[in-house]
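One file, target24.cif, is given below (mmCIF, C-alpha atoms and all ligand atoms).
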data_upload
loop_
_atom_site.label_atom_id
_atom_site.label_comp_id
_atom_site.auth_asym_id
_atom_site.auth_seq_id
_atom_site.Cartn_x
_atom_site.Cartn_y
_atom_site.Cartn_z
CA MET A 1 0.00 0.00 0.00
CA LYS A 2 1.40 3.42 -0.97
CA ILE A 3 0.45 6.32 1.30
CA VAL A 4 1.23 9.92 0.42
CA LEU A 5 0.50 12.88 2.70
CA TYR A 6 0.17 16.36 1.23
CA TYR A 7 1.44 18.49 4.05
CA GLY A 8 1.93 22.20 4.74
CA PRO A 9 4.14 23.33 7.63
CA ILE A 10 2.25 24.98 10.54
CA ALA A 11 -1.05 23.76 9.03
CA CYS A 12 -3.43 21.09 10.33
CA SER A 13 -1.72 18.48 8.13
CA LEU A 14 0.44 18.04 11.25
CA VAL A 15 -2.39 15.87 12.61
CA PRO A 16 -2.17 12.97 10.10
CA TYR A 17 1.63 13.21 10.17
CA VAL A 18 1.46 12.52 13.92
CA THR A 19 -1.11 9.74 13.69
CA LEU A 20 0.57 8.00 10.73
CA THR A 21 3.79 8.10 12.73
CA GLU A 22 2.03 6.75 15.84
CA ALA A 23 0.63 3.96 13.63
CA LYS A 24 4.15 3.15 12.39
CA ALA A 25 2.84 3.52 8.83
CA GLU A 26 5.25 3.99 5.96
CA PHE A 27 4.33 7.18 4.14
CA GLU A 28 5.74 9.71 1.74
CA VAL A 29 5.26 13.41 2.47
CA ARG A 30 4.78 15.99 -0.30
CA PRO A 31 5.29 19.46 1.19
CA ILE A 32 2.99 22.22 -0.05
CA ASN A 33 4.08 25.83 0.35
CA LEU A 34 0.89 27.53 1.59
CA ALA A 35 2.71 30.84 2.10
CA LYS A 36 3.46 30.81 -1.63
CA ARG A 37 -0.15 29.78 -2.44
CA GLN A 38 1.02 26.47 -3.94
CA GLN A 39 -2.39 25.07 -2.96
CA MET A 40 -3.89 27.27 -5.70
CA SER A 41 -1.69 25.84 -8.46
CA PRO A 42 -3.52 23.98 -11.24
CA GLU A 43 -1.62 20.79 -10.27
CA TYR A 44 -2.72 20.95 -6.63
CA LEU A 45 -6.30 21.94 -7.47
CA LYS A 46 -6.54 18.62 -9.34
CA ILE A 47 -5.60 16.88 -6.09
CA ASN A 48 -7.87 19.02 -3.91
CA PRO A 49 -10.20 21.57 -5.54
CA LYS A 50 -10.88 22.88 -2.00
CA HIS A 51 -7.19 24.01 -2.02
CA LYS A 52 -6.50 22.67 1.48
CA VAL A 53 -4.07 20.41 3.24
CA PRO A 54 -4.11 17.69 4.42
CA VAL A 55 -4.83 15.30 1.59
CA LEU A 56 -4.09 11.62 2.00
CA GLU A 57 -3.43 9.60 -1.13
CA VAL A 58 -3.77 5.84 -0.75
CA ASP A 59 -2.81 3.78 -3.78
CA GLY A 60 -3.77 6.72 -5.99
CA LYS A 61 -7.12 7.38 -4.23
CA LEU A 62 -7.53 10.81 -2.61
CA LEU A 63 -9.06 11.54 0.78
CA THR A 64 -9.61 15.03 2.24
CA GLU A 65 -10.83 16.27 5.65
CA ASN A 66 -9.05 15.39 8.85
CA VAL A 67 -12.06 13.62 10.36
CA ALA A 68 -12.13 11.11 7.48
CA ILE A 69 -8.36 10.87 7.28
CA GLN A 70 -8.05 10.13 11.01
CA SER A 71 -10.79 7.50 10.78
CA TRP A 72 -9.03 5.82 7.85
CA ILE A 73 -5.68 5.77 9.65
CA ALA A 74 -7.27 4.42 12.84
CA HIS A 75 -9.16 1.64 11.04
CA THR A 76 -6.22 0.70 8.80
CA PHE A 77 -3.76 0.47 11.70
CA PRO A 78 -5.94 -0.84 14.56
CA GLN A 79 -2.93 -1.85 16.65
CA ALA A 80 -2.18 1.86 17.20
CA ARG A 81 -5.56 2.25 18.99
CA LEU A 82 -6.05 5.74 17.51
CA LEU A 83 -9.78 5.54 18.22
CA PRO A 84 -11.36 3.88 21.28
CA ALA A 85 -12.44 0.26 20.73
CA ASP A 86 -15.90 0.62 22.30
CA PRO A 87 -18.34 1.69 19.49
CA TRP A 88 -19.98 4.48 21.53
CA GLN A 89 -16.61 5.81 22.67
CA GLU A 90 -15.41 5.64 19.07
CA LEU A 91 -18.33 7.88 18.03
CA LYS A 92 -17.54 10.23 20.91
CA ALA A 93 -13.98 10.45 19.56
CA ILE A 94 -15.23 11.14 16.02
CA SER A 95 -17.49 13.81 17.50
CA MET A 96 -14.40 15.36 19.10
CA LEU A 97 -12.47 15.23 15.82
CA ALA A 98 -15.37 17.01 14.11
CA TRP A 99 -15.37 19.61 16.90
CA CYS A 100 -11.64 20.25 16.38
CA SER A 101 -12.21 20.62 12.62
CA SER A 102 -15.42 22.59 12.55
CA GLY A 103 -15.80 24.02 16.06
CA ILE A 104 -12.25 25.13 16.95
CA HIS A 105 -10.28 25.42 13.69
CA PRO A 106 -12.53 28.12 12.12
CA PHE A 107 -11.75 30.52 15.01
CA LEU A 108 -8.03 30.01 14.32
CA THR A 109 -8.56 30.75 10.62
CA ARG A 110 -10.39 34.00 11.50
CA ILE A 111 -7.60 35.11 13.83
CA ASN A 112 -5.00 34.26 11.17
CA ALA A 113 -6.85 35.87 8.26
CA PRO A 114 -9.66 38.17 9.48
CA ALA A 115 -10.11 39.69 6.01
CA ARG A 116 -11.34 36.33 4.75
CA VAL A 117 -14.39 36.81 6.98
CA CYS A 118 -14.93 40.54 6.56
CA ASP A 119 -13.01 42.84 4.23
CA VAL A 120 -14.67 46.06 5.36
CA PRO A 121 -11.82 48.39 6.40
CA GLY A 122 -11.48 48.76 10.16
CA THR A 123 -13.19 45.48 11.08
CA GLU A 124 -10.06 43.34 11.46
CA ALA A 125 -9.65 43.90 15.21
CA SER A 126 -13.32 43.13 15.81
CA VAL A 127 -13.21 39.86 13.81
CA LYS A 128 -10.12 38.82 15.76
CA LYS A 129 -11.68 39.79 19.10
CA LEU A 130 -14.85 37.76 18.48
CA ALA A 131 -12.85 34.77 17.23
CA THR A 132 -10.57 34.98 20.27
CA GLU A 133 -13.62 34.96 22.56
CA GLY A 134 -15.10 31.98 20.71
CA LEU A 135 -11.80 30.14 20.91
CA ALA A 136 -11.51 30.86 24.64
CA GLU A 137 -14.90 29.21 25.17
CA THR A 138 -13.77 26.05 23.32
CA PHE A 139 -10.51 25.90 25.30
CA GLN A 140 -12.42 26.21 28.58
CA ILE A 141 -14.58 23.23 27.52
CA ALA A 142 -11.46 21.24 26.59
CA ASP A 143 -9.76 22.25 29.84
CA ASP A 144 -12.73 20.89 31.82
CA MET A 145 -12.65 17.67 29.77
CA LEU A 146 -8.94 17.19 30.43
CA ALA A 147 -9.07 17.97 34.17
CA GLY A 148 -7.35 15.17 36.05
CA ARG A 149 -6.64 13.14 32.89
CA GLU A 150 -3.70 12.56 30.62
CA TRP A 151 -5.67 12.19 27.37
CA PHE A 152 -9.20 12.91 26.16
CA PHE A 153 -9.97 9.16 26.32
CA ASP A 154 -8.41 6.46 28.48
CA HIS A 155 -5.33 6.27 26.25
CA PHE A 156 -3.75 8.45 23.55
CA THR A 157 -5.99 8.78 20.46
CA ALA A 158 -6.22 10.82 17.27
CA VAL A 159 -8.27 13.37 19.24
CA ASP A 160 -5.17 14.26 21.27
CA ALA A 161 -3.23 14.87 18.05
CA HIS A 162 -5.97 17.03 16.57
CA PHE A 163 -6.48 19.11 19.71
CA PHE A 164 -2.71 19.50 20.05
CA TRP A 165 -2.60 21.14 16.62
CA CYS A 166 -5.45 23.54 17.54
CA TYR A 167 -3.75 24.52 20.78
CA ARG A 168 -0.34 24.91 19.16
CA ARG A 169 -1.80 27.18 16.46
CA ALA A 170 -3.44 29.31 19.17
CA SER A 171 -0.11 29.55 21.02
CA GLN A 172 1.49 30.91 17.83
CA PHE A 173 -0.93 33.88 17.95
CA GLU A 174 0.27 34.68 21.47
CA LEU A 175 -3.20 34.43 22.97
CA PRO A 176 -3.59 34.35 26.77
CA LEU A 177 -3.50 30.59 27.40
CA ALA A 178 -1.91 30.45 30.87
CA GLY A 179 -5.25 29.83 32.61
CA TYR A 180 -5.97 26.55 30.81
CA LYS A 181 -3.94 24.42 33.21
CA SER A 182 -5.10 21.04 31.91
CA CYS A 183 -4.74 22.07 28.24
CA ASN A 184 -1.22 23.32 28.99
CA ALA A 185 -0.31 20.05 30.71
CA HIS A 186 -1.73 18.14 27.71
CA PHE A 187 0.29 20.34 25.36
CA GLU A 188 3.52 19.57 27.23
CA ARG A 189 2.65 15.85 27.36
CA MET A 190 2.08 15.87 23.60
CA LYS A 191 5.44 17.58 23.00
CA GLY A 192 7.07 14.68 24.84
CA ARG A 193 5.80 12.12 22.27
CA ALA A 194 8.28 10.92 19.67
CA SER A 195 5.71 11.42 16.88
CA VAL A 196 5.30 15.10 17.78
CA GLN A 197 9.04 15.64 18.08
CA LYS A 198 9.43 14.04 14.65
CA VAL A 199 6.86 16.29 12.95
CA LEU A 200 8.21 19.44 14.61
CA ALA A 201 11.74 18.61 13.38
CA TYR A 202 10.36 17.84 9.93
CA GLU A 203 8.42 21.12 9.89
CA LYS A 204 11.63 23.01 10.69
CA ASP A 205 13.42 21.30 7.79
CA VAL A 206 10.61 22.05 5.35
CA LEU A 207 10.43 25.71 6.42
CA ALA A 208 14.20 25.98 5.96
CA GLN A 209 13.94 24.41 2.48
CA PHE A 210 11.15 26.83 1.55
CA ALA A 211 13.16 29.80 2.81
CA LYS A 212 16.19 28.67 0.78
CA ALA A 213 14.10 28.30 -2.37
CA ALA A 214 12.52 31.77 -1.95
N1 LIG B 1 -11.74 20.93 7.35
C1 LIG B 1 -10.40 20.72 6.86
C2 LIG B 1 -9.61 22.01 7.06
C3 LIG B 1 -8.36 22.05 6.22
C4 LIG B 1 -7.76 23.45 6.24
O1 LIG B 1 -8.44 24.44 6.53
N2 LIG B 1 -6.47 23.52 5.90
C5 LIG B 1 -5.81 24.81 5.81
C6 LIG B 1 -4.50 24.78 6.60
S1 LIG B 1 -4.74 24.55 8.33
C7 LIG B 1 -5.44 25.09 4.37
O2 LIG B 1 -4.98 24.21 3.66
N3 LIG B 1 -5.63 26.35 3.93
C8 LIG B 1 -5.29 26.78 2.62
C9 LIG B 1 -6.37 27.53 1.92
O3 LIG B 1 -7.46 27.70 2.49
O4 LIG B 1 -6.15 27.94 0.77
C10 LIG B 1 -9.77 19.55 7.63
O5 LIG B 1 -10.08 19.37 8.81
O6 LIG B 1 -8.99 18.80 7.03
#
As a first step, turn the structure in this file into structure tokens.
Amino acid sequence: MKIVLYYGPIACSLVPYVTLTEAKAEFEVRPINLAKRQQMSPEYLKINPKHKVPVLEVDGKLLTENVAIQSWIAHTFPQARLLPADPWQELKAISMLAWCSSGIHPFLTRINAPARVCDVPGTEASVKKLATEGLAETFQIADDMLAGREWFFDHFTAVDAHFFWCYRRASQFELPLAGYKSCNAHFERMKGRASVQKVLAYEKDVLAQFAKAA
């Protein structure tokens, strides 16, 4: 089986990189330079007309959306236990993945690119403020969920990888995160995993390659 991951540094394609690594899958990575708008190139639009990373290619078949990609990885490599075994708990985990994708990620996008939401001059600060408030609410919910626990479920799952990316992205915007004690402990725990250390080192290399090519 040939697995290819279309990956952009900093972006949420970090999540399948982590879970594929946790699953000990062999995979090739094709870096996409989002800063240079490579996702809008005619070649990439054939791969994903939604011009997003991640895309997972499996024996020539293309899969988009982290929720689906995480489910595929978890079901293809069951020994990695990336989703809980109990069917109800598995659905709870998929619900959490969907929340990361559609409940948390959009606030990060608004903070990163407020003009994508509203291009009326002078509204940028307001878009960011509202998104920051929305994000704070999601982090409080996550903080309550993580209180007294190591992981969102009773062992590490894909949900931990997805939430880690959300939290890391928020930390890059220098938002006030100190109060989320359990999220911060989870963040540090995640940084201790070999899979996360691997992707962060890889991200550094790719960013250096992109800078050299610029
Ligand atoms: N719902 C998608 C979101 C993917 C997404 O928004 N990716 C961003 C990077 S984090 C992207 O590729 N943006 C480029 C663009 O919008 O042109 C998922 O969960 O996979």
Identify, counting all atoms listed in the file, the protein, DNA and RNA residues located within 10 Å of ligand LIG 1 (chain B), and give them as a PyMOL selection string. chain A and resi 6-16+32-35+37-40+48-55+63-70+97-102+105-106+108-109+116+162+165-166+169
Take the selection from the previous step and output its residues with C-alpha atoms, as a compact mmCIF listing (two decimals), keeping the file's coordinate frame.
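Wrote selection-v4.txt, looks like this:
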# COMPACT_ATOMS: atom_id res chain seq x y z
CA TYR A 6 0.17 16.36 1.23
CA TYR A 7 1.44 18.49 4.05
CA GLY A 8 1.93 22.20 4.74
CA PRO A 9 4.14 23.33 7.63
CA ILE A 10 2.25 24.98 10.54
CA ALA A 11 -1.05 23.76 9.03
CA CYS A 12 -3.43 21.09 10.33
CA SER A 13 -1.72 18.48 8.13
CA LEU A 14 0.44 18.04 11.25
CA VAL A 15 -2.39 15.87 12.61
CA PRO A 16 -2.17 12.97 10.10
CA ILE A 32 2.99 22.22 -0.05
CA ASN A 33 4.08 25.83 0.35
CA LEU A 34 0.89 27.53 1.59
CA ALA A 35 2.71 30.84 2.10
CA ARG A 37 -0.15 29.78 -2.44
CA GLN A 38 1.02 26.47 -3.94
CA GLN A 39 -2.39 25.07 -2.96
CA MET A 40 -3.89 27.27 -5.70
CA ASN A 48 -7.87 19.02 -3.91
CA PRO A 49 -10.20 21.57 -5.54
CA LYS A 50 -10.88 22.88 -2.00
CA HIS A 51 -7.19 24.01 -2.02
CA LYS A 52 -6.50 22.67 1.48
CA VAL A 53 -4.07 20.41 3.24
CA PRO A 54 -4.11 17.69 4.42
CA VAL A 55 -4.83 15.30 1.59
CA LEU A 63 -9.06 11.54 0.78
CA THR A 64 -9.61 15.03 2.24
CA GLU A 65 -10.83 16.27 5.65
CA ASN A 66 -9.05 15.39 8.85
CA VAL A 67 -12.06 13.62 10.36
CA ALA A 68 -12.13 11.11 7.48
CA ILE A 69 -8.36 10.87 7.28
CA GLN A 70 -8.05 10.13 11.01
CA LEU A 97 -12.47 15.23 15.82
CA ALA A 98 -15.37 17.01 14.11
CA TRP A 99 -15.37 19.61 16.90
CA CYS A 100 -11.64 20.25 16.38
CA SER A 101 -12.21 20.62 12.62
CA SER A 102 -15.42 22.59 12.55
CA HIS A 105 -10.28 25.42 13.69
CA PRO A 106 -12.53 28.12 12.12
CA LEU A 108 -8.03 30.01 14.32
CA THR A 109 -8.56 30.75 10.62
CA ARG A 116 -11.34 36.33 4.75
CA HIS A 162 -5.97 17.03 16.57
CA TRP A 165 -2.60 21.14 16.62
CA CYS A 166 -5.45 23.54 17.54
CA ARG A 169 -1.80 27.18 16.46
Point out the residue among A:His75, A:Lys36, A:Lys128, A:Arg30 with the least atom-to-atom distance to Val206 of chain A, counting only C-alpha atoms. A:Arg30
Residues near Ala170 of chain A, anyone? I mean within 12 Å using only C-alpha atoms, not counting same-chain ones fewer than 4 positions away, as a tab-separated table (two decimals) with C-alpha atoms, in the coordinates of the input.
chain	number	residue	atom	x	y	z
A	10	ILE	CA	2.25	24.98	10.54
A	11	ALA	CA	-1.05	23.76	9.03
A	104	ILE	CA	-12.25	25.13	16.95
A	105	HIS	CA	-10.28	25.42	13.69
A	106	PRO	CA	-12.53	28.12	12.12
A	107	PHE	CA	-11.75	30.52	15.01
A	108	LEU	CA	-8.03	30.01	14.32
A	109	THR	CA	-8.56	30.75	10.62
A	110	ARG	CA	-10.39	34.00	11.50
A	111	ILE	CA	-7.60	35.11	13.83
A	112	ASN	CA	-5.00	34.26	11.17
A	131	ALA	CA	-12.85	34.77	17.23
A	132	THR	CA	-10.57	34.98	20.27
A	135	LEU	CA	-11.80	30.14	20.91
A	136	ALA	CA	-11.51	30.86	24.64
A	138	THR	CA	-13.77	26.05	23.32
A	139	PHE	CA	-10.51	25.90	25.30
A	163	PHE	CA	-6.48	19.11	19.71
A	164	PHE	CA	-2.71	19.50	20.05
A	165	TRP	CA	-2.60	21.14	16.62
A	166	CYS	CA	-5.45	23.54	17.54
A	174	GLU	CA	0.27	34.68	21.47
A	175	LEU	CA	-3.20	34.43	22.97
A	176	PRO	CA	-3.59	34.35	26.77
A	177	LEU	CA	-3.50	30.59	27.40
A	178	ALA	CA	-1.91	30.45	30.87
A	183	CYS	CA	-4.74	22.07	28.24
A	184	ASN	CA	-1.22	23.32	28.99
A	187	PHE	CA	0.29	20.34	25.36
If you count all atoms listed in the file, the residue of A:Val18, A:Ile3, A:Leu207, A:Val159 closest to Gln89 of chain A turns out to be A:Val159
Find the spatial neighbours of segment 77-81 of chain A, counting all atoms listed in the file, within a cut-off of 9 Å - ignore same-chain residues fewer than 4 positions away - and output them as a PyMOL selection string. chain A and resi 19-20+22-25+72-73+85+155-158
9 Å contact set for Val58 of chain A, only C-alpha atoms, chain neighbours under 4 positions out, as an mmCIF file with C-alpha atoms, in the coordinates of the input:
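Output saved as result_11.cif:
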data_model
loop_
_atom_site.group_PDB
_atom_site.id
_atom_site.type_symbol
_atom_site.label_atom_id
_atom_site.label_comp_id
_atom_site.auth_asym_id
_atom_site.auth_seq_id
_atom_site.Cartn_x
_atom_site.Cartn_y
_atom_site.Cartn_z
ATOM 1 C CA MET A 1 0.000 0.000 0.000
ATOM 2 C CA LYS A 2 1.400 3.420 -0.970
ATOM 3 C CA ILE A 3 0.450 6.320 1.300
ATOM 4 C CA VAL A 4 1.230 9.920 0.420
ATOM 5 C CA LEU A 5 0.500 12.880 2.700
ATOM 6 C CA LEU A 62 -7.530 10.810 -2.610
ATOM 7 C CA LEU A 63 -9.060 11.540 0.780
#
Just give me the gap between atom CA of Glu90 of chain A and atom CA of Tyr167 of chain A in Å, one decimal is fine. 22.3 Å
Computed interatomic separation between atom CA of Pro87 of chain A and atom CA of Glu137 of chain A (Å): 28.3 Å
So which residues touch segment 140-145 of chain A within 7 Å, counting all atoms listed in the file, skipping near sequence neighbours fewer than 5 positions away, as a list in words? Phe152, Tyr180, Ser182 and Cys183 of chain A
Let me have the centre and edge lengths of the axis-aligned box enclosing all listed atoms of segment 138-151 of chain A with 6 Å padding on every side, in Å to one decimal, as JSON.
{"center_x": -9.1, "center_y": 19.2, "center_z": 29.7, "size_x": 22.9, "size_y": 26.0, "size_z": 24.7}
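Note that atom CA of Trp151 of chain A and atom CA of Arg189 of chain A are 9.1 Å apart.
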N, CA, C and O atoms of segment 87-109 of chain A from block above, as a tab-separated table (two decimals), in the first residue's frame:
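out_30.tsv, freshly written:
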chain	number	residue	atom	x	y	z
A	87	PRO	N	-17.69	0.95	20.59
A	87	PRO	CA	-18.34	1.69	19.49
A	87	PRO	C	-18.88	3.06	19.90
A	87	PRO	O	-18.77	4.03	19.15
A	88	TRP	N	-19.46	3.17	21.10
A	88	TRP	CA	-19.98	4.48	21.53
A	88	TRP	C	-18.83	5.46	21.77
A	88	TRP	O	-18.87	6.62	21.35
A	89	GLN	N	-17.78	4.96	22.41
A	89	GLN	CA	-16.61	5.81	22.67
A	89	GLN	C	-15.95	6.22	21.36
A	89	GLN	O	-15.44	7.33	21.22
A	90	GLU	N	-15.99	5.31	20.39
A	90	GLU	CA	-15.41	5.64	19.07
A	90	GLU	C	-16.18	6.83	18.46
A	90	GLU	O	-15.60	7.77	17.94
A	91	LEU	N	-17.52	6.76	18.56
A	91	LEU	CA	-18.33	7.88	18.03
A	91	LEU	C	-18.07	9.16	18.80
A	91	LEU	O	-18.03	10.25	18.22
A	92	LYS	N	-17.86	9.04	20.12
A	92	LYS	CA	-17.54	10.23	20.91
A	92	LYS	C	-16.21	10.84	20.42
A	92	LYS	O	-16.06	12.05	20.37
A	93	ALA	N	-15.28	9.97	20.06
A	93	ALA	CA	-13.98	10.45	19.56
A	93	ALA	C	-14.16	11.12	18.19
A	93	ALA	O	-13.56	12.18	17.93
A	94	ILE	N	-14.98	10.53	17.34
A	94	ILE	CA	-15.23	11.14	16.02
A	94	ILE	C	-15.93	12.49	16.21
A	94	ILE	O	-15.62	13.47	15.53
A	95	SER	N	-16.83	12.54	17.17
A	95	SER	CA	-17.49	13.81	17.50
A	95	SER	C	-16.44	14.86	17.92
A	95	SER	O	-16.51	16.02	17.51
A	96	MET	N	-15.46	14.43	18.68
A	96	MET	CA	-14.40	15.36	19.10
A	96	MET	C	-13.53	15.81	17.93
A	96	MET	O	-13.10	16.96	17.87
A	97	LEU	N	-13.26	14.87	17.01
A	97	LEU	CA	-12.47	15.23	15.82
A	97	LEU	C	-13.22	16.28	15.00
A	97	LEU	O	-12.64	17.24	14.50
A	98	ALA	N	-14.54	16.06	14.87
A	98	ALA	CA	-15.37	17.01	14.11
A	98	ALA	C	-15.38	18.37	14.81
A	98	ALA	O	-15.36	19.42	14.15
A	99	TRP	N	-15.39	18.35	16.13
A	99	TRP	CA	-15.37	19.61	16.90
A	99	TRP	C	-14.05	20.35	16.65
A	99	TRP	O	-14.04	21.57	16.43
A	100	CYS	N	-12.94	19.60	16.67
A	100	CYS	CA	-11.64	20.25	16.38
A	100	CYS	C	-11.68	20.90	15.00
A	100	CYS	O	-11.25	22.04	14.82
A	101	SER	N	-12.20	20.14	14.02
A	101	SER	CA	-12.21	20.62	12.62
A	101	SER	C	-13.17	21.76	12.39
A	101	SER	O	-12.84	22.72	11.71
A	102	SER	N	-14.38	21.62	12.93
A	102	SER	CA	-15.42	22.59	12.55
A	102	SER	C	-15.85	23.50	13.70
A	102	SER	O	-16.53	24.49	13.46
A	103	GLY	N	-15.42	23.20	14.92
A	103	GLY	CA	-15.80	24.02	16.06
A	103	GLY	C	-14.64	24.86	16.59
A	103	GLY	O	-14.87	25.90	17.20
A	104	ILE	N	-13.41	24.39	16.42
A	104	ILE	CA	-12.25	25.13	16.95
A	104	ILE	C	-11.46	25.77	15.81
A	104	ILE	O	-11.15	26.96	15.83
A	105	HIS	N	-11.13	24.95	14.80
A	105	HIS	CA	-10.28	25.42	13.69
A	105	HIS	C	-10.79	26.73	13.05
A	105	HIS	O	-9.98	27.64	12.80
A	106	PRO	N	-12.09	26.88	12.79
A	106	PRO	CA	-12.53	28.12	12.12
A	106	PRO	C	-12.19	29.40	12.90
A	106	PRO	O	-11.92	30.43	12.30
A	107	PHE	N	-12.14	29.32	14.24
A	107	PHE	CA	-11.75	30.52	15.01
A	107	PHE	C	-10.28	30.84	14.72
A	107	PHE	O	-9.89	32.01	14.64
A	108	LEU	N	-9.46	29.79	14.58
A	108	LEU	CA	-8.03	30.01	14.32
A	108	LEU	C	-7.85	30.65	12.94
A	108	LEU	O	-7.02	31.54	12.77
A	109	THR	N	-8.64	30.19	11.98
A	109	THR	CA	-8.56	30.75	10.62
A	109	THR	C	-8.93	32.24	10.65
A	109	THR	O	-8.29	33.06	10.00
